[in-house]
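Data first, discussion second: the structure below is written as structure tokens.
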Amino acid sequence: MTDRLNTQEERFAELRDLIDANAVDQAVLLFLDLHPGDQVEVFDFLGEEHRSTLLEHMDVPDIARLFNTQSDDETLEAAESLPTELLADVLDVMAPDEAADLLGDLEPEQAAEALQAMEERDEVLPLLNY
């Protein structure tokens with residue numbers, strides 16, 4: 001267990017250092033090379049600024065996969081930090097029921113803006129009533 005924790009801490013430190021050095025593309029590659037469960041753990045170690053920077057440089061499908069792996073609270077916190085257009089793109093590639101759940105958890109104003117910017121909103125709108 002200690003070896004695994006040390007490895008996670010080392011990955012976290014390396015990722016943080018890459019972001020701090022503006023080597024964000026390298027940080028994204030390192031992050032995406034991790035097992036999805038490890039991605040969640042390392043992502044949780046990062047501060048809000050580092051998480052936002054990482055997310056803004058990731059491809060939309062990769063963000064959606066991360067959101068599907070995280071807990072609802074973790075996903076909400078990360079989603080709240082995204083610019084509206086990026087959030088809408090992520091919601092468009094998520095399963096409609098998962099997108100509707102996330103929209104339902106967001107603040108009403110942010111949810112309305114993201115929904116308006118979505119291309120696939122017609123698939124999500126009927127699910128918002130549940």
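To be explicit about the labels: the chains of the structure tokens are called A, B, and onward in the order shown, and within each one the residues are counted from 1, while ligands get numbers from 1 in the order they are shown.
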Would you kindly return, as a PyMOL selection string, each protein, DNA or RNA residue with an atom no farther than 9 Å from any atom of Leu127 of chain A, considering only C-alpha atoms and excluding same-chain residues fewer than 6 positions away?
chain A and resi 96-97+100-101
Might you pull out every residue within 8 Å of segment 106-118 of chain A, with only C-alpha atoms counted and same-chain residues fewer than 4 positions away left off, and present them as number ranges by chain?
A: 76, 80, 84-85, 87-89, 91-92, 102
Please write the residues from the selection above to a file, keeping N, CA, C and O atoms, as an mmCIF file, in the first residue's frame.
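So the final result, stored in selection_27.cif, reads:
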```cif
data_model
loop_
_atom_site.group_PDB
_atom_site.id
_atom_site.type_symbol
_atom_site.label_atom_id
_atom_site.label_comp_id
_atom_site.auth_asym_id
_atom_site.auth_seq_id
_atom_site.Cartn_x
_atom_site.Cartn_y
_atom_site.Cartn_z
ATOM 1 N N LEU A 76 -19.227 17.318 -10.575
ATOM 2 C CA LEU A 76 -19.872 18.624 -10.474
ATOM 3 C C LEU A 76 -18.846 19.716 -10.246
ATOM 4 O O LEU A 76 -18.863 20.753 -10.921
ATOM 5 N N GLU A 80 -18.186 22.665 -12.996
ATOM 6 C CA GLU A 80 -18.444 24.066 -12.656
ATOM 7 C C GLU A 80 -17.294 24.978 -13.059
ATOM 8 O O GLU A 80 -17.500 26.168 -13.292
ATOM 9 N N THR A 84 -18.281 27.641 -20.586
ATOM 10 C CA THR A 84 -19.569 27.148 -21.072
ATOM 11 C C THR A 84 -19.451 26.316 -22.340
ATOM 12 O O THR A 84 -20.048 25.239 -22.439
ATOM 13 N N GLU A 85 -18.707 26.794 -23.319
ATOM 14 C CA GLU A 85 -18.590 26.066 -24.595
ATOM 15 C C GLU A 85 -17.947 24.697 -24.406
ATOM 16 O O GLU A 85 -18.396 23.716 -25.003
ATOM 17 N N LEU A 87 -17.879 22.935 -21.587
ATOM 18 C CA LEU A 87 -18.846 22.119 -20.844
ATOM 19 C C LEU A 87 -19.914 21.577 -21.776
ATOM 20 O O LEU A 87 -20.273 20.400 -21.705
ATOM 21 N N ALA A 88 -20.424 22.418 -22.666
ATOM 22 C CA ALA A 88 -21.452 21.973 -23.622
ATOM 23 C C ALA A 88 -20.916 20.867 -24.513
ATOM 24 O O ALA A 88 -21.620 19.874 -24.781
ATOM 25 N N ASP A 89 -19.675 20.996 -24.976
ATOM 26 C CA ASP A 89 -19.074 19.955 -25.816
ATOM 27 C C ASP A 89 -18.950 18.637 -25.057
ATOM 28 O O ASP A 89 -19.207 17.565 -25.612
ATOM 29 N N LEU A 91 -20.813 17.682 -22.469
ATOM 30 C CA LEU A 91 -22.166 17.164 -22.285
ATOM 31 C C LEU A 91 -22.683 16.500 -23.563
ATOM 32 O O LEU A 91 -23.398 15.497 -23.503
ATOM 33 N N ASP A 92 -22.297 17.041 -24.714
ATOM 34 C CA ASP A 92 -22.727 16.469 -25.994
ATOM 35 C C ASP A 92 -22.201 15.057 -26.216
ATOM 36 O O ASP A 92 -22.863 14.255 -26.880
ATOM 37 N N LEU A 102 -25.967 15.627 -14.740
ATOM 38 C CA LEU A 102 -24.999 16.679 -14.450
ATOM 39 C C LEU A 102 -25.646 18.055 -14.588
ATOM 40 O O LEU A 102 -25.455 18.917 -13.734
#
```
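Our summary of the geometry notes that atom CA of Glu120 of chain A is positioned 20.6 Å from atom CA of Met58 of chain A.
You can rank A:Thr7, A:His50, A:Pro83, A:Gln39 by their closest distance to Ala21 of chain A using only C-alpha atoms, and at the top of that list sits A:His50.
Nearest to Glu77 of chain A of all the residues A:Leu32, A:Val42, A:Ser52, A:Asp25 is A:Ser52, counting only C-alpha atoms.
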Please provide as a PyMOL selection string all residues within 9 Å of segment 10-13 of chain A, with the sequence filter that same-chain residues fewer than 4 positions apart are discarded (counting only C-alpha atoms).
chain A and resi 5-6+17-18+30-31+41-43+45-46
Can you tell me, as a PDB file with N, CA, C and O atoms, in the first residue's frame, what residues are no more than 12 Å from Asp20 of chain A when counting only C-alpha atoms, ignoring any on the same chain fewer than 6 positions away?
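selection_2.pdb, freshly written:
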```pdb
ATOM      1  N   ALA A  13       2.998  14.813  -8.123  1.00  0.00           N
ATOM      2  CA  ALA A  13       4.039  15.840  -8.100  1.00  0.00           C
ATOM      3  C   ALA A  13       4.567  16.111  -9.505  1.00  0.00           C
ATOM      4  O   ALA A  13       4.757  17.272  -9.893  1.00  0.00           O
ATOM      5  N   GLU A  14       4.779  15.055 -10.283  1.00  0.00           N
ATOM      6  CA  GLU A  14       5.263  15.236 -11.655  1.00  0.00           C
ATOM      7  C   GLU A  14       4.235  15.982 -12.503  1.00  0.00           C
ATOM      8  O   GLU A  14       4.583  16.900 -13.254  1.00  0.00           O
ATOM      9  N   GLN A  26       2.463  17.842 -22.105  1.00  0.00           N
ATOM     10  CA  GLN A  26       3.126  16.691 -21.493  1.00  0.00           C
ATOM     11  C   GLN A  26       2.341  16.205 -20.283  1.00  0.00           C
ATOM     12  O   GLN A  26       2.221  15.002 -20.052  1.00  0.00           O
ATOM     13  N   ALA A  27       1.811  17.142 -19.509  1.00  0.00           N
ATOM     14  CA  ALA A  27       1.022  16.772 -18.332  1.00  0.00           C
ATOM     15  C   ALA A  27      -0.221  15.991 -18.754  1.00  0.00           C
ATOM     16  O   ALA A  27      -0.567  14.987 -18.119  1.00  0.00           O
ATOM     17  N   LEU A  46      -4.870  17.329  -7.184  1.00  0.00           N
ATOM     18  CA  LEU A  46      -4.542  18.625  -7.785  1.00  0.00           C
ATOM     19  C   LEU A  46      -5.400  19.733  -7.188  1.00  0.00           C
ATOM     20  O   LEU A  46      -6.562  19.516  -6.855  1.00  0.00           O
ATOM     21  N   GLY A  47      -4.855  20.924  -7.119  1.00  0.00           N
ATOM     22  CA  GLY A  47      -5.630  22.083  -6.706  1.00  0.00           C
ATOM     23  C   GLY A  47      -6.546  22.521  -7.833  1.00  0.00           C
ATOM     24  O   GLY A  47      -6.409  22.086  -8.980  1.00  0.00           O
ATOM     25  N   GLU A  49      -6.822  25.235  -9.570  1.00  0.00           N
ATOM     26  CA  GLU A  49      -6.179  25.871 -10.727  1.00  0.00           C
ATOM     27  C   GLU A  49      -5.512  24.830 -11.632  1.00  0.00           C
ATOM     28  O   GLU A  49      -5.636  24.900 -12.861  1.00  0.00           O
ATOM     29  N   HIS A  50      -4.835  23.863 -11.034  1.00  0.00           N
ATOM     30  CA  HIS A  50      -4.186  22.810 -11.820  1.00  0.00           C
ATOM     31  C   HIS A  50      -5.228  21.945 -12.533  1.00  0.00           C
ATOM     32  O   HIS A  50      -5.036  21.571 -13.694  1.00  0.00           O
ATOM     33  N   ARG A  51      -6.316  21.621 -11.836  1.00  0.00           N
ATOM     34  CA  ARG A  51      -7.379  20.821 -12.459  1.00  0.00           C
ATOM     35  C   ARG A  51      -7.975  21.555 -13.650  1.00  0.00           C
ATOM     36  O   ARG A  51      -8.175  20.969 -14.713  1.00  0.00           O
ATOM     37  N   THR A  53      -6.642  23.905 -15.512  1.00  0.00           N
ATOM     38  CA  THR A  53      -5.662  23.966 -16.603  1.00  0.00           C
ATOM     39  C   THR A  53      -5.603  22.638 -17.343  1.00  0.00           C
ATOM     40  O   THR A  53      -5.612  22.600 -18.579  1.00  0.00           O
ATOM     41  N   LEU A  54      -5.561  21.551 -16.594  1.00  0.00           N
ATOM     42  CA  LEU A  54      -5.506  20.226 -17.202  1.00  0.00           C
ATOM     43  C   LEU A  54      -6.744  19.973 -18.055  1.00  0.00           C
ATOM     44  O   LEU A  54      -6.643  19.574 -19.218  1.00  0.00           O
TER      45      LEU A  54
END
```
